[in-house]
Every structure is written in C-alpha cells, then in structure tokens.
Amino acid sequence: MDVKKKSKKLWHKPNIKQYISFILCLMVMLVVPIWRDNKIIGINLGSRNEEKVETIKEMPDGTVIVNTSEICKDIMGYGGKTPVEIYIKSGKIEKVVALKNQETPEFFGAIKNSYLLESLDGKTLAEASQTPIDGVSGATYSSKSIIANMRGGVAYALDKNVTSVANNADSERLPLKWYITIVIILAGGIIPFFIKDNRYRSLQLILNVLLLGFWGGTFISYSMMTSYLTNGITKVILLPTALMLVTAFIYPFFGRKNYYCAWLCPYGSFQELLGKCFKYKIKMHPRLIKGLNYFREALWFVLMWLLWTGLWFDWMGLEPFAAFFFTDASAVTLGIAGAFLILSLFIQRPYCRFVCPTGSLFKFAENDYKS
C-alpha cells in the first residue's frame, strides 16, 4: 500500500488539456522555422528563388573559389550550417571567408575575431590538409563546424573523399564533455525522485552551473529549439538535448510540472545558489507578484508575436543563457544576465518567475500558463 501511494505522488496521469496544450506549443514553435527559413528539421518546404550555389568557380585572375555549402551540408554548428568559401591561387590558399549562417551572432563573432579563418592562409592544399586547426573556446560547436567545412573544402580541392569528412565531423567533438553532460542530466532527472535532501539539491545546482552552463554550454533556449526545428540535430548533441527536452515537456504530462526549470536549468540554478548566499529577501506584496506574473505572460505573447510576424527574431539571442559563453556573449546579454543575478540575491529566482520566455513556453505546454 505504501509503495502504491508513493507512486501516485511521483507520477500522475496526463489529462486531455495537457495533450492539447503540448500540440499547440509545437505548432507555435513550428511557425518560426517555416516563416524565417522555409524549412523544418533540414527539409526545405519549397523554393524561395534561392540562388544556385556553385561548389567551385574560377575568377578571371585565376583564383579558384571552393564553396562548402553543398560539400559539407550535413555539418552543423550550434545554430545550423556554417559554410565557408576557400580562395585558392597558384596552388596556395589566399583566404577563408565565412558565409551567411544562423549561428548566434555573439558566439560567431568570437570566431571572426580569432585567427581560425586565417590558420590556412599561405599554405598549399597538401600542407593545409595536414595542418592542425585549433578551435575557439566559448564557441565550441561553431568553431568545430567551421573547421570541418575548411577541411572539407580542402579535401574537395584535392579531389579527396569529402563525404568521409562530413560524416566524421561529429567524432571531433569532445567525448568527455558529452559523457559528463549525460551523467549530470540523468542525475538531475532521476535522483530527486528518491533523495529529498537540501545538500544534494545544492550539489546538483552547482553542477548545473559549472558543468552544464559554463563548461558544456548545455541548456534549453528559444535559439536552440528554433535551430533544431529548422536544421535538425547532430548526433553528438542528440541525446543530452533529448533528455533535457523530456524533462521540460514530457515530465509535466505525469505531474512533474516545471521540472527542467527547477532541477536542470543552469541559469535558474545560478540564481537560486546566489539567493542562498544572502539571507535578506525583499518582501513582495501579493498584488505585485500577481502583476509581475501578468507582465510575464504579456511579454511572452509580445515576443511570440514578433517571431510569428518576422519583425524581430534576434531577441532570442538576448536570453541570458547565452551569457554562459561570457567571452563571446554581447554586452547587452551579459548586462541582462548580470542584472538578474544581482536581483536574485534579494528576490527568489526573479528571471525565472517574472520574465523567462522559455519558461513561459514550458508553462504553455503544461497547460499552466495562467497566473
């Protein structure tokens, strides 16, 4: 009898309203990649008069330009494909130019400001094929995708098997980071059901901040979800991302609402940890709290409207989760993240409770979006 009672407390049967909310949530998110990119999980939904890309072309001065858009079309960065053009003259590489992509601007800016794109300049194709290329810290997925494109372009120019370069791109990612990320997500997704201890909770929060946040850059955000819905998902980040999405969207079906936010979100964890460091807390009047909840809902609807109408997609890059890549995040993003972290000393999880658009989406999916 005790076991049955305990299982009922752990899990609850989903109701029809939750199924409807979840389906509506998915439809809401699918609007963005269709409107912005005209494709879903990498599948083009129709022509928008896109120009045909030439893989290789020769300029009047003898310069040969290799475009990796088709050669490395299966290689994904954090936000999508990262094609490059490789300029070759007299058998040597003159320069490598990054083409238009959907990476978060502040992350990709770190690559443009580094020497990554210049690392093959002046080398012959044979030398370039053997030259090690260092990635950029803080923009791991983007830089490794760029490197794979550079290698793929060089291999193409040497008439090598480019397909093997594209298919093996995932193997270049950090395996240790991947395994540790999986362990932390599984710990946060399972252990809290069986261990009710504040000390363990504090440990999980610390691991979320240091390893999921700063070290791994693993979290759920609008940018991430939109990217995966648009371009699909690479094998390396499939499992950790899937596990996080399960805690965010599937757990609530069985009575565990707000689970991802409470137990895995690195930025939410950071706010809570800082709140534990300072005992004084501002007492907020219930009417103020209710008003801030209404503000959060209104803000979410406005931001979603901006996405649906195509007026402003870039607000997704301002979510403070991007601040974990602090060396590459924009000043505005860092300012927003820092301001709410300071507030969290005096108010419990202020960003999570009164602003977070990603959290509002979860609430919508959970049929829990009313104040």
# chains A, B, ... in the order shown; residues from 1 in each chain; ligands from 1

$ residues_around --residues "region 276-280 of chain A" --least-positions-apart "4" --cutoff "10 Å" --atoms "only C-alpha atoms" --output "list in words"
Ser202, Gln271, Glu272, Ser344, Leu345, Phe346, Ile347 and Gln348 of chain A

$ write_last_selection --atoms "all heavy atoms" --output "mmCIF file, in the first residue's frame"
data_model
loop_
_atom_site.group_PDB
_atom_site.id
_atom_site.type_symbol
_atom_site.label_atom_id
_atom_site.label_comp_id
_atom_site.auth_asym_id
_atom_site.auth_seq_id
_atom_site.Cartn_x
_atom_site.Cartn_y
_atom_site.Cartn_z
ATOM 1 N N SER A 202 21.712 21.325 -3.528
ATOM 2 C CA SER A 202 22.760 22.329 -3.715
ATOM 3 C C SER A 202 23.868 21.797 -4.613
ATOM 4 O O SER A 202 24.391 22.516 -5.478
ATOM 5 C CB SER A 202 23.343 22.744 -2.367
ATOM 6 O OG SER A 202 22.348 23.395 -1.579
ATOM 7 N N GLN A 271 20.801 31.488 -10.179
ATOM 8 C CA GLN A 271 20.005 32.431 -9.386
ATOM 9 C C GLN A 271 19.705 31.872 -7.994
ATOM 10 O O GLN A 271 19.813 32.582 -6.988
ATOM 11 C CB GLN A 271 18.687 32.724 -10.101
ATOM 12 C CG GLN A 271 18.830 33.513 -11.399
ATOM 13 C CD GLN A 271 17.506 33.642 -12.106
ATOM 14 O OE1 GLN A 271 16.665 34.464 -11.750
ATOM 15 N NE2 GLN A 271 17.296 32.806 -13.105
ATOM 16 N N GLU A 272 19.323 30.599 -7.949
ATOM 17 C CA GLU A 272 18.976 30.003 -6.657
ATOM 18 C C GLU A 272 20.188 29.925 -5.739
ATOM 19 O O GLU A 272 20.085 30.174 -4.527
ATOM 20 C CB GLU A 272 18.371 28.614 -6.868
ATOM 21 C CG GLU A 272 17.893 27.983 -5.578
ATOM 22 C CD GLU A 272 17.059 26.732 -5.790
ATOM 23 O OE1 GLU A 272 16.435 26.602 -6.864
ATOM 24 O OE2 GLU A 272 17.030 25.882 -4.876
ATOM 25 N N SER A 344 18.689 38.323 -7.862
ATOM 26 C CA SER A 344 18.417 37.034 -7.222
ATOM 27 C C SER A 344 18.959 36.964 -5.799
ATOM 28 O O SER A 344 18.577 36.083 -5.025
ATOM 29 C CB SER A 344 18.998 35.898 -8.062
ATOM 30 O OG SER A 344 20.410 35.941 -8.071
ATOM 31 N N LEU A 345 19.856 37.887 -5.430
ATOM 32 C CA LEU A 345 20.307 37.953 -4.040
ATOM 33 C C LEU A 345 19.176 38.366 -3.113
ATOM 34 O O LEU A 345 19.137 37.982 -1.938
ATOM 35 C CB LEU A 345 21.458 38.952 -3.915
ATOM 36 C CG LEU A 345 22.784 38.595 -4.602
ATOM 37 C CD1 LEU A 345 23.709 39.803 -4.595
ATOM 38 C CD2 LEU A 345 23.442 37.410 -3.905
ATOM 39 N N PHE A 346 18.224 39.138 -3.649
ATOM 40 C CA PHE A 346 17.151 39.704 -2.822
ATOM 41 C C PHE A 346 15.760 39.157 -3.159
ATOM 42 O O PHE A 346 14.837 39.260 -2.361
ATOM 43 C CB PHE A 346 17.123 41.227 -3.006
ATOM 44 C CG PHE A 346 18.461 41.883 -2.860
ATOM 45 C CD1 PHE A 346 19.205 42.248 -3.975
ATOM 46 C CD2 PHE A 346 19.000 42.098 -1.602
ATOM 47 C CE1 PHE A 346 20.443 42.848 -3.845
ATOM 48 C CE2 PHE A 346 20.240 42.698 -1.462
ATOM 49 C CZ PHE A 346 20.976 43.070 -2.583
ATOM 50 N N ILE A 347 15.623 38.582 -4.359
ATOM 51 C CA ILE A 347 14.340 38.035 -4.803
ATOM 52 C C ILE A 347 14.584 36.637 -5.350
ATOM 53 O O ILE A 347 15.493 36.430 -6.146
ATOM 54 C CB ILE A 347 13.702 38.913 -5.905
ATOM 55 C CG1 ILE A 347 13.493 40.333 -5.405
ATOM 56 C CG2 ILE A 347 12.390 38.316 -6.389
ATOM 57 C CD1 ILE A 347 13.047 41.304 -6.487
ATOM 58 N N GLN A 348 13.781 35.692 -4.943
ATOM 59 C CA GLN A 348 13.965 34.311 -5.370
ATOM 60 C C GLN A 348 13.766 34.162 -6.880
ATOM 61 O O GLN A 348 12.718 34.445 -7.418
ATOM 62 C CB GLN A 348 12.999 33.395 -4.622
ATOM 63 C CG GLN A 348 13.181 31.924 -4.959
ATOM 64 C CD GLN A 348 12.158 31.057 -4.245
ATOM 65 O OE1 GLN A 348 11.198 31.562 -3.670
ATOM 66 N NE2 GLN A 348 12.359 29.749 -4.268
#

$ residues_around --residues "Tyr228 (chain A)" --least-positions-apart "2" --cutoff "12 Å" --atoms "only C-alpha atoms" --output "CSV table (one decimal) with C-alpha atoms, in the first residue's frame"
chain,number,residue,atom,x,y,z
A,29,MET,CA,7.2,26.8,-32.4
A,30,LEU,CA,7.0,25.4,-35.9
A,32,VAL,CA,9.2,30.2,-36.6
A,33,PRO,CA,11.4,28.0,-38.8
A,39,LYS,CA,12.2,24.5,-43.8
A,40,ILE,CA,11.7,22.0,-40.9
A,41,ILE,CA,14.4,19.7,-39.5
A,42,GLY,CA,16.6,20.4,-42.6
A,43,ILE,CA,13.8,19.8,-45.1
A,76,MET,CA,26.0,21.6,-38.2
A,77,GLY,CA,27.2,24.1,-35.7
A,78,TYR,CA,25.2,25.3,-32.8
A,79,GLY,CA,22.6,27.1,-34.9
A,80,GLY,CA,22.9,25.4,-38.2
A,81,LYS,CA,25.2,25.1,-41.2
A,102,GLN,CA,22.4,31.1,-38.4
A,103,GLU,CA,24.8,30.9,-35.5
A,220,ILE,CA,17.3,24.9,-23.4
A,221,SER,CA,16.6,28.2,-25.1
A,222,TYR,CA,14.5,29.6,-27.9
A,223,SER,CA,17.6,29.8,-30.1
A,224,MET,CA,18.4,26.2,-29.5
A,225,MET,CA,14.8,24.9,-30.1
A,226,THR,CA,14.4,27.0,-33.2
A,230,THR,CA,15.0,24.4,-38.6
A,231,ASN,CA,18.1,22.3,-39.3
A,232,GLY,CA,17.6,19.0,-37.4
A,233,ILE,CA,20.1,17.9,-34.7
A,234,THR,CA,23.6,16.4,-34.9
A,235,LYS,CA,24.3,13.0,-33.4
A,237,ILE,CA,24.1,16.7,-29.1
A,238,LEU,CA,21.0,14.5,-29.8
A,241,THR,CA,19.3,17.6,-25.8
A,242,ALA,CA,16.6,14.9,-25.9
A,245,LEU,CA,13.6,18.2,-23.6

$ closest_residue --among "A:Ala98, A:Val355, A:Ala331, A:Cys261" --to "Trp300 (chain A)" --atoms "only C-alpha atoms"
A:Val355

$ atom_distance --atom1 "CA of Arg353 (chain A)" --atom2 "CA of Ile289 (chain A)"
9.2 Å

$ residues_around --residues "Val183 (chain A)" --least-positions-apart "2" --cutoff "12 Å" --atoms "only C-alpha atoms" --output "PyMOL selection string"
chain A and resi 176-181+185-191+204+207-208+211-212+239-240+243-244+264
